[in-house]
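Next comes structure.txt, with compact mmCIF, C-alpha atoms.
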```
# COMPACT_ATOMS: atom_id res chain seq x y z
CA MET A 1 140.87 5.19 51.85
CA ARG A 2 139.96 7.35 48.89
CA GLU A 3 138.73 4.47 46.68
CA LEU A 4 136.19 3.35 49.30
CA ARG A 5 135.00 6.89 50.10
CA GLU A 6 134.44 7.59 46.40
CA ARG A 7 132.46 4.39 45.97
CA ILE A 8 130.25 5.27 48.95
CA LEU A 9 129.62 8.73 47.51
CA LYS A 10 128.78 7.23 44.11
CA GLU A 11 126.60 4.28 45.17
CA GLY A 12 125.82 4.51 48.88
CA GLN A 13 122.26 5.42 49.84
CA ASN A 14 121.21 7.04 53.08
CA LEU A 15 117.98 5.23 53.99
CA GLY A 16 117.45 7.33 57.10
CA ASN A 17 117.72 6.32 60.78
CA GLY A 18 121.48 6.05 60.33
CA ILE A 19 121.19 3.21 57.80
CA LEU A 20 123.67 3.43 54.93
CA LYS A 21 122.88 1.06 52.08
CA VAL A 22 126.01 -0.26 50.39
CA ASP A 23 124.40 -3.40 48.93
CA GLY A 24 126.06 -2.86 45.55
CA PHE A 25 129.63 -3.48 46.71
CA VAL A 26 129.65 -4.73 50.35
CA ASN A 27 126.41 -6.26 51.67
CA HIS A 28 124.70 -8.22 48.88
CA GLN A 29 126.74 -7.73 45.77
CA VAL A 30 130.44 -7.57 46.61
CA ASP A 31 133.22 -5.95 44.58
CA PRO A 32 136.09 -8.41 45.09
CA GLY A 33 138.74 -6.02 43.76
CA LEU A 34 137.67 -3.32 46.20
CA MET A 35 137.54 -5.85 49.07
CA ASP A 36 141.03 -7.01 48.17
CA ALA A 37 142.32 -3.43 48.20
CA CYS A 38 140.65 -2.87 51.59
CA GLY A 39 142.18 -6.10 52.95
CA LYS A 40 145.60 -4.99 51.75
CA GLU A 41 145.15 -1.61 53.45
CA PHE A 42 144.07 -3.24 56.75
CA ALA A 43 147.08 -5.58 56.52
CA ARG A 44 149.33 -2.53 56.12
CA ARG A 45 147.75 -0.64 59.02
CA PHE A 46 147.81 -3.66 61.36
CA ALA A 47 151.17 -5.06 60.21
CA SER A 48 152.83 -4.45 63.58
CA VAL A 49 150.15 -5.60 66.06
CA GLY A 50 151.33 -9.24 65.99
CA ALA A 51 147.90 -10.77 65.25
CA THR A 52 147.67 -14.57 65.08
CA LYS A 53 144.05 -14.74 63.95
CA VAL A 54 141.44 -12.55 62.26
CA LEU A 55 137.95 -12.63 63.78
CA THR A 56 134.70 -11.40 62.27
CA ALA A 57 130.96 -12.03 62.40
CA GLU A 58 128.93 -13.61 59.64
CA ILE A 59 127.67 -12.47 57.18
CA SER A 60 128.93 -9.18 55.84
CA GLY A 61 132.20 -9.21 57.77
CA ILE A 62 133.41 -12.28 55.90
CA ALA A 63 134.58 -10.59 52.69
CA PRO A 64 136.80 -7.87 54.24
CA ALA A 65 138.05 -10.23 56.98
CA LEU A 66 139.00 -12.86 54.40
CA THR A 67 141.00 -10.46 52.24
CA THR A 68 142.69 -8.94 55.30
CA ALA A 69 143.64 -12.42 56.55
CA LEU A 70 144.89 -13.34 53.09
CA HIS A 71 147.25 -10.36 53.04
CA LEU A 72 148.41 -11.02 56.61
CA GLY A 73 148.83 -14.78 56.01
CA LEU A 74 146.51 -15.65 58.93
CA PRO A 75 143.44 -17.86 59.40
CA VAL A 76 140.08 -16.12 59.82
CA VAL A 77 137.23 -17.24 62.08
CA TYR A 78 133.69 -15.98 61.57
CA ALA A 79 131.35 -16.08 64.55
CA ARG A 80 128.14 -17.91 63.61
CA LYS A 81 124.70 -16.48 64.37
CA THR A 82 123.05 -19.90 64.53
CA LYS A 83 124.82 -22.99 65.84
CA PRO A 84 125.43 -25.45 62.99
CA ILE A 85 125.15 -29.20 63.63
CA THR A 86 128.89 -29.56 63.06
CA MET A 87 129.67 -27.47 66.17
CA PRO A 88 130.33 -29.12 69.55
CA ASP A 89 127.76 -28.69 72.35
CA GLN A 90 130.11 -26.53 74.41
CA VAL A 91 130.63 -23.17 72.73
CA TYR A 92 131.38 -19.52 73.42
CA LEU A 93 128.15 -17.60 72.98
CA THR A 94 127.23 -13.99 73.53
CA LEU A 95 124.30 -11.74 72.63
CA ALA A 96 124.59 -8.52 70.68
CA PRO A 97 121.83 -6.09 69.73
CA SER A 98 121.68 -5.52 65.96
CA HIS A 99 120.55 -2.08 64.87
CA THR A 100 119.95 -3.08 61.23
CA LYS A 101 118.14 -6.29 62.20
CA GLY A 102 116.09 -4.61 64.94
CA ARG A 103 116.69 -7.49 67.35
CA THR A 104 119.34 -9.22 69.43
CA VAL A 105 121.50 -11.79 67.64
CA GLU A 106 123.64 -14.61 69.02
CA LEU A 107 127.34 -14.72 68.21
CA ILE A 108 128.82 -18.19 68.59
CA ILE A 109 132.39 -19.48 68.33
CA SER A 110 133.62 -23.02 68.78
CA PRO A 111 136.47 -23.42 71.30
CA GLU A 112 138.16 -25.54 68.60
CA PHE A 113 139.14 -22.41 66.70
CA LEU A 114 139.86 -19.80 69.34
CA ALA A 115 142.54 -20.78 71.78
CA HIS A 116 144.20 -19.29 74.85
CA ASP A 117 146.66 -16.52 74.14
CA GLU A 118 145.65 -15.92 70.53
CA LYS A 119 146.19 -12.35 69.39
CA VAL A 120 142.96 -11.43 67.68
CA LEU A 121 142.44 -8.78 65.02
CA ILE A 122 138.72 -8.01 64.65
CA ILE A 123 137.56 -6.92 61.17
CA ASP A 124 133.95 -6.04 60.28
CA ASP A 125 132.06 -4.16 57.61
CA PHE A 126 130.61 -1.44 59.86
CA LEU A 127 131.60 0.27 63.09
CA ALA A 128 128.40 1.97 64.25
CA SER A 129 127.40 1.59 67.93
CA GLY A 130 130.16 -0.99 68.37
CA ALA A 131 127.70 -3.58 69.74
CA THR A 132 128.69 -6.41 67.36
CA ILE A 133 132.39 -5.74 67.78
CA LEU A 134 132.03 -5.64 71.57
CA GLY A 135 130.32 -9.02 71.31
CA LEU A 136 133.33 -10.38 69.41
CA VAL A 137 135.61 -8.89 72.07
CA ARG A 138 133.68 -10.75 74.80
CA LEU A 139 133.99 -14.02 72.86
CA ALA A 140 137.72 -13.51 72.38
CA GLU A 141 138.19 -12.74 76.07
CA ALA A 142 136.05 -15.73 77.11
CA ALA A 143 138.48 -17.89 75.13
CA GLY A 144 141.44 -16.34 76.94
CA SER A 145 142.57 -14.52 73.81
CA HIS A 146 143.58 -10.88 73.51
CA VAL A 147 142.20 -8.36 71.05
CA VAL A 148 145.08 -6.48 69.42
CA GLY A 149 143.21 -4.33 66.92
CA VAL A 150 139.82 -3.45 65.45
CA GLY A 151 139.20 -2.55 61.82
CA ALA A 152 135.99 -1.60 60.02
CA LEU A 153 135.42 -0.73 56.39
CA ILE A 154 132.94 2.02 57.24
CA GLU A 155 132.67 3.93 60.52
CA LYS A 156 129.67 6.05 61.41
CA SER A 157 131.38 8.21 64.00
CA PHE A 158 128.10 9.79 65.13
CA GLU A 159 126.93 6.46 66.61
CA GLY A 160 129.64 6.33 69.23
CA GLY A 161 131.26 2.96 68.54
CA ARG A 162 134.83 4.25 68.71
CA ALA A 163 134.26 5.67 72.19
CA ALA A 164 132.73 2.36 73.32
CA LEU A 165 135.85 0.49 72.15
CA GLN A 166 138.39 3.02 73.41
CA THR A 167 138.86 1.24 76.76
CA LEU A 168 140.38 -1.73 74.91
CA GLY A 169 143.47 0.40 74.37
CA VAL A 170 144.14 -1.06 70.91
CA PRO A 171 144.37 0.57 67.48
CA ILE A 172 140.97 1.18 65.86
CA GLU A 173 141.03 1.77 62.12
CA SER A 174 138.26 2.55 59.68
CA LEU A 175 138.79 2.96 55.95
CA ALA A 176 135.94 5.43 55.49
CA CYS A 177 134.76 7.46 58.46
CA ILE A 178 131.36 9.12 58.04
CA VAL A 179 130.82 12.08 60.35
CA ALA A 180 127.36 13.05 59.12
CA MET A 181 124.61 11.83 56.81
CA GLU A 182 121.80 14.22 55.92
CA GLY A 183 119.53 13.45 52.99
CA ASP A 184 121.75 12.74 50.00
CA SER A 185 124.76 14.32 51.64
CA ILE A 186 127.36 11.99 53.18
CA ARG A 187 130.26 13.77 54.87
CA PHE A 188 133.57 12.05 55.64
CA LEU A 189 136.38 12.68 58.03
CA GLU A 190 139.15 13.10 55.48
CA LYS A 191 142.28 11.04 56.10
CA MET B 1 142.67 -30.40 43.45
CA ARG B 2 145.29 -32.22 45.44
CA GLU B 3 145.77 -29.48 48.08
CA LEU B 4 142.07 -29.51 48.99
CA ARG B 5 141.80 -33.34 49.01
CA GLU B 6 144.81 -33.59 51.32
CA ARG B 7 143.36 -31.00 53.69
CA ILE B 8 140.05 -32.90 53.84
CA LEU B 9 141.90 -36.14 54.60
CA LYS B 10 143.93 -34.43 57.32
CA GLU B 11 141.20 -32.38 59.04
CA GLY B 12 137.80 -33.39 57.68
CA GLN B 13 135.54 -35.36 60.02
CA ASN B 14 132.77 -37.69 58.94
CA LEU B 15 129.98 -36.99 61.45
CA GLY B 16 127.69 -39.61 59.93
CA ASN B 17 124.48 -39.14 57.91
CA GLY B 18 126.57 -37.80 55.05
CA ILE B 19 127.77 -34.79 57.07
CA LEU B 20 131.41 -33.87 56.47
CA LYS B 21 132.78 -31.41 59.00
CA VAL B 22 135.32 -29.03 57.48
CA ASP B 23 134.94 -26.27 60.07
CA GLY B 24 138.69 -25.80 60.38
CA PHE B 25 139.26 -24.42 56.87
CA VAL B 26 135.88 -23.78 55.15
CA ASN B 27 132.82 -23.42 57.41
CA HIS B 28 133.79 -21.59 60.59
CA GLN B 29 137.51 -21.03 60.44
CA VAL B 30 138.62 -20.30 56.88
CA ASP B 31 142.08 -20.77 55.39
CA PRO B 32 142.36 -17.72 53.10
CA GLY B 33 145.38 -19.07 51.21
CA LEU B 34 143.56 -22.30 50.41
CA MET B 35 140.41 -20.38 49.41
CA ASP B 36 142.51 -18.18 47.14
CA ALA B 37 144.07 -21.23 45.49
CA CYS B 38 140.59 -22.74 45.01
CA GLY B 39 139.30 -19.48 43.52
CA LYS B 40 142.23 -19.41 41.12
CA GLU B 41 141.52 -23.00 40.07
CA PHE B 42 137.79 -22.25 39.51
CA ALA B 43 138.78 -19.19 37.47
CA ARG B 44 141.02 -21.40 35.31
CA ARG B 45 138.35 -24.07 34.81
CA PHE B 46 135.61 -21.55 34.00
CA ALA B 47 137.79 -19.13 32.02
CA SER B 48 135.92 -19.77 28.77
CA VAL B 49 132.25 -19.79 29.89
CA GLY B 50 131.88 -16.02 29.50
CA ALA B 51 130.46 -15.38 32.99
CA THR B 52 129.46 -11.81 33.83
CA LYS B 53 128.64 -12.45 37.51
CA VAL B 54 129.41 -14.98 40.24
CA LEU B 55 126.45 -16.08 42.35
CA THR B 56 126.50 -17.92 45.69
CA ALA B 57 124.43 -18.36 48.84
CA GLU B 58 125.35 -17.00 52.24
CA ILE B 59 127.11 -18.03 54.39
CA SER B 60 129.73 -20.60 53.53
CA GLY B 61 129.67 -19.99 49.80
CA ILE B 62 130.97 -16.45 50.24
CA ALA B 63 134.68 -17.24 50.69
CA PRO B 64 135.18 -19.46 47.59
CA ALA B 65 132.84 -17.31 45.48
CA LEU B 66 134.73 -14.15 46.46
CA THR B 67 138.15 -15.55 45.56
CA THR B 68 136.80 -16.98 42.28
CA ALA B 69 135.26 -13.63 41.37
CA LEU B 70 138.50 -11.88 42.30
CA HIS B 71 140.48 -14.06 39.89
CA LEU B 72 137.85 -13.66 37.15
CA GLY B 73 137.53 -9.90 37.68
CA LEU B 74 133.75 -10.14 38.22
CA PRO B 75 131.29 -8.96 40.88
CA VAL B 76 129.82 -11.59 43.20
CA VAL B 77 126.28 -11.65 44.58
CA TYR B 78 125.35 -13.73 47.61
CA ALA B 79 121.73 -14.73 48.02
CA ARG B 80 120.48 -13.72 51.46
CA LYS B 81 118.60 -16.13 53.73
CA THR B 82 116.74 -13.37 55.54
CA LYS B 83 115.65 -10.17 53.84
CA PRO B 84 117.65 -7.21 55.20
CA ILE B 85 115.97 -3.84 55.69
CA THR B 86 118.13 -2.38 52.92
CA MET B 87 116.47 -4.63 50.30
CA PRO B 88 113.50 -3.39 48.23
CA ASP B 89 110.05 -4.95 48.82
CA GLN B 90 110.03 -6.68 45.45
CA VAL B 91 112.62 -9.47 45.39
CA TYR B 92 113.38 -12.83 43.84
CA LEU B 93 112.74 -15.47 46.49
CA THR B 94 112.82 -19.25 46.40
CA LEU B 95 112.79 -22.03 48.98
CA ALA B 96 115.44 -24.72 49.26
CA PRO B 97 115.58 -27.62 51.70
CA SER B 98 118.82 -27.62 53.71
CA HIS B 99 120.15 -31.02 54.69
CA THR B 100 122.61 -29.67 57.27
CA LYS B 101 120.04 -27.28 58.78
CA GLY B 102 117.25 -29.86 58.78
CA ARG B 103 114.74 -27.32 57.46
CA THR B 104 113.79 -25.28 54.42
CA VAL B 105 115.61 -21.98 53.95
CA GLU B 106 114.73 -18.94 51.87
CA LEU B 107 117.14 -17.70 49.22
CA ILE B 108 116.56 -14.04 48.31
CA ILE B 109 118.13 -11.81 45.67
CA SER B 110 117.38 -8.18 44.95
CA PRO B 111 116.52 -7.41 41.30
CA GLU B 112 118.99 -4.53 41.64
CA PHE B 113 121.90 -6.96 41.34
CA LEU B 114 120.74 -9.65 38.95
CA ALA B 115 119.72 -8.33 35.57
CA HIS B 116 118.33 -9.78 32.34
CA ASP B 117 120.86 -11.62 30.22
CA GLU B 118 123.56 -11.92 32.87
CA LYS B 119 125.75 -14.99 32.47
CA VAL B 120 125.90 -16.47 35.94
CA LEU B 121 128.60 -18.72 37.36
CA ILE B 122 127.35 -20.41 40.55
CA ILE B 123 130.00 -21.22 43.18
CA ASP B 124 129.27 -22.90 46.52
CA ASP B 125 131.11 -24.80 49.23
CA PHE B 126 129.28 -28.13 48.83
CA LEU B 127 127.51 -29.97 46.02
CA ALA B 128 125.48 -32.64 47.83
CA SER B 129 121.83 -33.11 46.79
CA GLY B 130 122.06 -29.98 44.67
CA ALA B 131 119.05 -28.40 46.40
CA THR B 132 120.74 -25.08 47.26
CA ILE B 133 122.34 -24.77 43.84
CA LEU B 134 119.02 -25.55 42.12
CA GLY B 135 117.50 -22.77 44.23
CA LEU B 136 120.16 -20.36 42.92
CA VAL B 137 119.43 -21.57 39.36
CA ARG B 138 115.72 -20.75 39.85
CA LEU B 139 116.60 -17.26 41.11
CA ALA B 140 118.91 -16.65 38.15
CA GLU B 141 116.25 -17.82 35.70
CA ALA B 142 113.55 -15.73 37.41
CA ALA B 143 115.78 -12.70 36.76
CA GLY B 144 116.09 -13.65 33.08
CA SER B 145 119.74 -14.60 33.51
CA HIS B 146 121.46 -17.73 32.24
CA VAL B 147 123.55 -20.10 34.32
CA VAL B 148 126.80 -20.86 32.48
CA GLY B 149 128.59 -23.03 35.03
CA VAL B 150 128.44 -24.56 38.50
CA GLY B 151 131.43 -25.02 40.80
CA ALA B 152 131.67 -26.53 44.28
CA LEU B 153 134.66 -26.94 46.53
CA ILE B 154 133.52 -30.37 47.72
CA GLU B 155 131.17 -32.74 45.93
CA LYS B 156 129.56 -35.73 47.64
CA SER B 157 128.80 -37.71 44.50
CA PHE B 158 126.73 -40.28 46.41
CA GLU B 159 124.03 -37.65 47.13
CA GLY B 160 123.09 -37.20 43.49
CA GLY B 161 123.52 -33.45 43.02
CA ARG B 162 125.43 -33.72 39.75
CA ALA B 163 122.64 -35.78 38.18
CA ALA B 164 120.06 -33.23 39.39
CA LEU B 165 122.02 -30.42 37.68
CA GLN B 166 122.86 -32.31 34.49
CA THR B 167 119.81 -31.02 32.61
CA LEU B 168 121.28 -27.50 32.78
CA GLY B 169 123.78 -28.59 30.15
CA VAL B 170 126.59 -26.49 31.66
CA PRO B 171 130.02 -27.46 33.01
CA ILE B 172 129.90 -28.70 36.61
CA GLU B 173 133.22 -28.67 38.44
CA SER B 174 134.16 -29.79 41.93
CA LEU B 175 137.65 -29.45 43.37
CA ALA B 176 137.35 -32.52 45.62
CA CYS B 177 134.86 -35.23 44.72
CA ILE B 178 134.03 -37.66 47.53
CA VAL B 179 132.63 -40.98 46.30
CA ALA B 180 132.30 -42.66 49.69
CA MET B 181 132.57 -41.89 53.41
CA GLU B 182 132.64 -44.81 55.84
CA GLY B 183 133.78 -44.23 59.40
CA ASP B 184 137.15 -42.51 59.23
CA SER B 185 137.66 -43.43 55.60
CA ILE B 186 136.97 -40.74 52.99
CA ARG B 187 137.41 -41.91 49.40
CA PHE B 188 137.87 -39.48 46.50
CA LEU B 189 137.38 -39.68 42.79
CA GLU B 190 140.97 -38.92 41.74
CA LYS B 191 141.37 -36.22 39.10
```

Here is the file; what I need is its structure written in the form of C-alpha cells.
Amino acid sequence: MRELRERILKEGQNLGNGILKVDGFVNHQVDPGLMDACGKEFARRFASVGATKVLTAEISGIAPALTTALHLGLPVVYARKTKPITMPDQVYLTLAPSHTKGRTVELIISPEFLAHDEKVLIIDDFLASGATILGLVRLAEAAGSHVVGVGALIEKSFEGGRAALQTLGVPIESLACIVAMEGDSIRFLEK
Amino acid sequence: MRELRERILKEGQNLGNGILKVDGFVNHQVDPGLMDACGKEFARRFASVGATKVLTAEISGIAPALTTALHLGLPVVYARKTKPITMPDQVYLTLAPSHTKGRTVELIISPEFLAHDEKVLIIDDFLASGATILGLVRLAEAAGSHVVGVGALIEKSFEGGRAALQTLGVPIESLACIVAMEGDSIRFLEK
C-alpha cells in the first residue's frame, strides 16, 4: 500500500538489530486516518475468506485489527498479555518470544470469546519472525477455531515470518513489505 | 448514549467491589461498530473544545480513543505502561494506582509526541476514581500541554472521579453513567 510505504520512508527509523521505529503513526502515536485506510485495504484483501472474527494481540495490534473488523463488520478479540481480574480461571494461554521486548510474553484468551468453528482472521502490526502470530494461531486452534488469513501492516521479509506461517495454507498479506534495512535506507518489495 | 447503556444492561456483569465486566464489547472482545458510534458521539460532544490531540492509556482506552480521533481528524497518543525499546531515555512518566489491577502502574509518554501548547482531549474506557485520567493530566501538564476535555465510555459516579477532575474546569463527558450497581441491577443516570 503506497500510502503506508511512503509514511515509513518519511518517518520510520531503523534503530538497528532489525528494529523499525514507527512510533509516530503506529506504536505510540497513531494516525487514525491511516489505520482506517489500512483496515479498509485488509477488508478488501480478505473479503472472500469468510472470517467470523478478527484476532490480534495487545497492544499495537489493536488499532489495525479494530479498523479491519469495522470494515468487515466483525467483532475483534485482542489476546491479553496479563490476565485481568475479569477473566475466568480457565483460559487459553500460550507463550511467545518477543524480539522487541527481549523476553517471552504470555498471550491469553478467554474461552468466552473464541468458540469452536470460528473462522479467524489474524491482524497484527508487524510480521517479523512470526512468533506472536504463531502464538495466536495456537490459541485459535486450542479453541477449535480455524485460521483463515493473516494480515500485518509491516512485514520484515528478512526475518522469515512468512515461511514460518506458510504451512497454515492461508492467505498472508502485508501492506508494506520491507526486504532490507541498512542504515537510513529502507527497501520495499513493490506491490 | 442509549446504545451503550442497553449493551451494558444486556451483557455487563457486576463482579462485586465496583468491578463491571464488559469484556464482550470493550475490554477483551471489542464491538467495532459500537466503538465507532461512541467515537462519533465523543467527536460531536467535544467538537468545540479545539483539541489538537487525543490522549489515552493503553490498553482498553485505545479503541474508543482511536474512533474519537478518527471522527475529529486528530492523531491519538496512548501512554505506555512499560517503556518500549523504541522510546528515548528521557520521557514523561507518572504513577497511577489501578483499582482493577490492584497495584500502581506507570504511564509513560515520549516527548516526541506531546509538545508544548497542545490542546489535549483525554478519552478512556472507564471513569471510576479518576486516578488513571489524573495521571494522563499530569503527563499532559508536564509536557506543557493543556487538557481541554475528558471523555469516558462508562462512568461509575459512585467512585468520585468526576469530583476529582472538576478542578480542571473542562467538560467531562461519559456516554453511560452508572449511579449504582447492586447484584444484577445496574442503574444509570438517564441522559

- [ ] For stretch 170-186 of chain A, please output as a ChimeraX atom specification all residues within 9 Å (counting all atoms listed in the file; exclusion window: fewer than 5 positions along the same chain).
- [x] /A:1-2,4-5,8-9,12-16,18,20,38,41-42,45-46,49,126-127,147-158,162,165,191

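The nearest approach to B:Val26 among the residues B:Ala69, B:Arg44, B:Asp124, B:Pro111, with only C-alpha atoms taken into account, belongs to B:Asp124.
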
Hey, could you make a per-residue contact list for chain A against chain B with 7 Å as the cut-off, showing the nearest pair of atoms and its distance in Å to one decimal, counting all atoms listed in the file, sorted by chain and number, as JSON lines?
```
{"residue": "A:Lys21", "atom": "CA", "partner": "B:Thr86", "partner_atom": "CA", "distance": 5.9}
{"residue": "A:His28", "atom": "CA", "partner": "B:Tyr78", "partner_atom": "CA", "distance": 5.7}
{"residue": "A:Gln29", "atom": "CA", "partner": "B:Val77", "partner_atom": "CA", "distance": 4.1}
{"residue": "A:Val30", "atom": "CA", "partner": "B:Val76", "partner_atom": "CA", "distance": 5.3}
{"residue": "A:Asp31", "atom": "CA", "partner": "B:Pro75", "partner_atom": "CA", "distance": 5.1}
{"residue": "A:Pro32", "atom": "CA", "partner": "B:Leu70", "partner_atom": "CA", "distance": 5.1}
{"residue": "A:Gly33", "atom": "CA", "partner": "B:Leu70", "partner_atom": "CA", "distance": 6.0}
{"residue": "A:Ile59", "atom": "CA", "partner": "B:Ile59", "partner_atom": "CA", "distance": 6.2}
{"residue": "A:Ala63", "atom": "CA", "partner": "B:Ala63", "partner_atom": "CA", "distance": 6.9}
{"residue": "A:Leu66", "atom": "CA", "partner": "B:Pro32", "partner_atom": "CA", "distance": 6.0}
{"residue": "A:Ala69", "atom": "CA", "partner": "B:Pro32", "partner_atom": "CA", "distance": 6.5}
{"residue": "A:Leu70", "atom": "CA", "partner": "B:Pro32", "partner_atom": "CA", "distance": 5.1}
{"residue": "A:Pro75", "atom": "CA", "partner": "B:Asp31", "partner_atom": "CA", "distance": 5.1}
{"residue": "A:Val76", "atom": "CA", "partner": "B:Val30", "partner_atom": "CA", "distance": 5.3}
{"residue": "A:Val77", "atom": "CA", "partner": "B:Gln29", "partner_atom": "CA", "distance": 4.1}
{"residue": "A:Tyr78", "atom": "CA", "partner": "B:His28", "partner_atom": "CA", "distance": 5.7}
{"residue": "A:Ile85", "atom": "CA", "partner": "B:Thr100", "partner_atom": "CA", "distance": 6.9}
{"residue": "A:Thr86", "atom": "CA", "partner": "B:Lys21", "partner_atom": "CA", "distance": 5.9}
{"residue": "A:Thr100", "atom": "CA", "partner": "B:Ile85", "partner_atom": "CA", "distance": 6.9}
{"residue": "A:Phe113", "atom": "CA", "partner": "B:Gln29", "partner_atom": "CA", "distance": 6.6}
```

Task: atom CA of B:Thr52 to atom CA of B:Gly144, distance in Å rounded to a single decimal - done: 13.5 Å

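For the pair atom CA of B:Gly169 and atom CA of B:Glu190, the separation is 23.2 Å.
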
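Our summary of the geometry notes that atom CA of A:Glu118 is positioned 22.6 Å from atom CA of A:Ala164.
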
Centre, x/y/z edge lengths, axis-aligned box for stretch 109-112 of chain B with 6 Å per side, as lines of an AutoDock Vina configuration file:
```
center_x = 117.8
center_y = -8.2
center_z = 43.5
size_x = 14.5
size_y = 19.3
size_z = 16.4
```

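Selection around (127.6, -2.2, 70.9) with radius 8 Å, counting all atoms listed in the file, yields the residues Ala96, Pro97, Ala128, Ser129, Gly130, Ala131, Thr132, Ile133, Leu134, Gly135, Gly161 and Ala164 of chain A.
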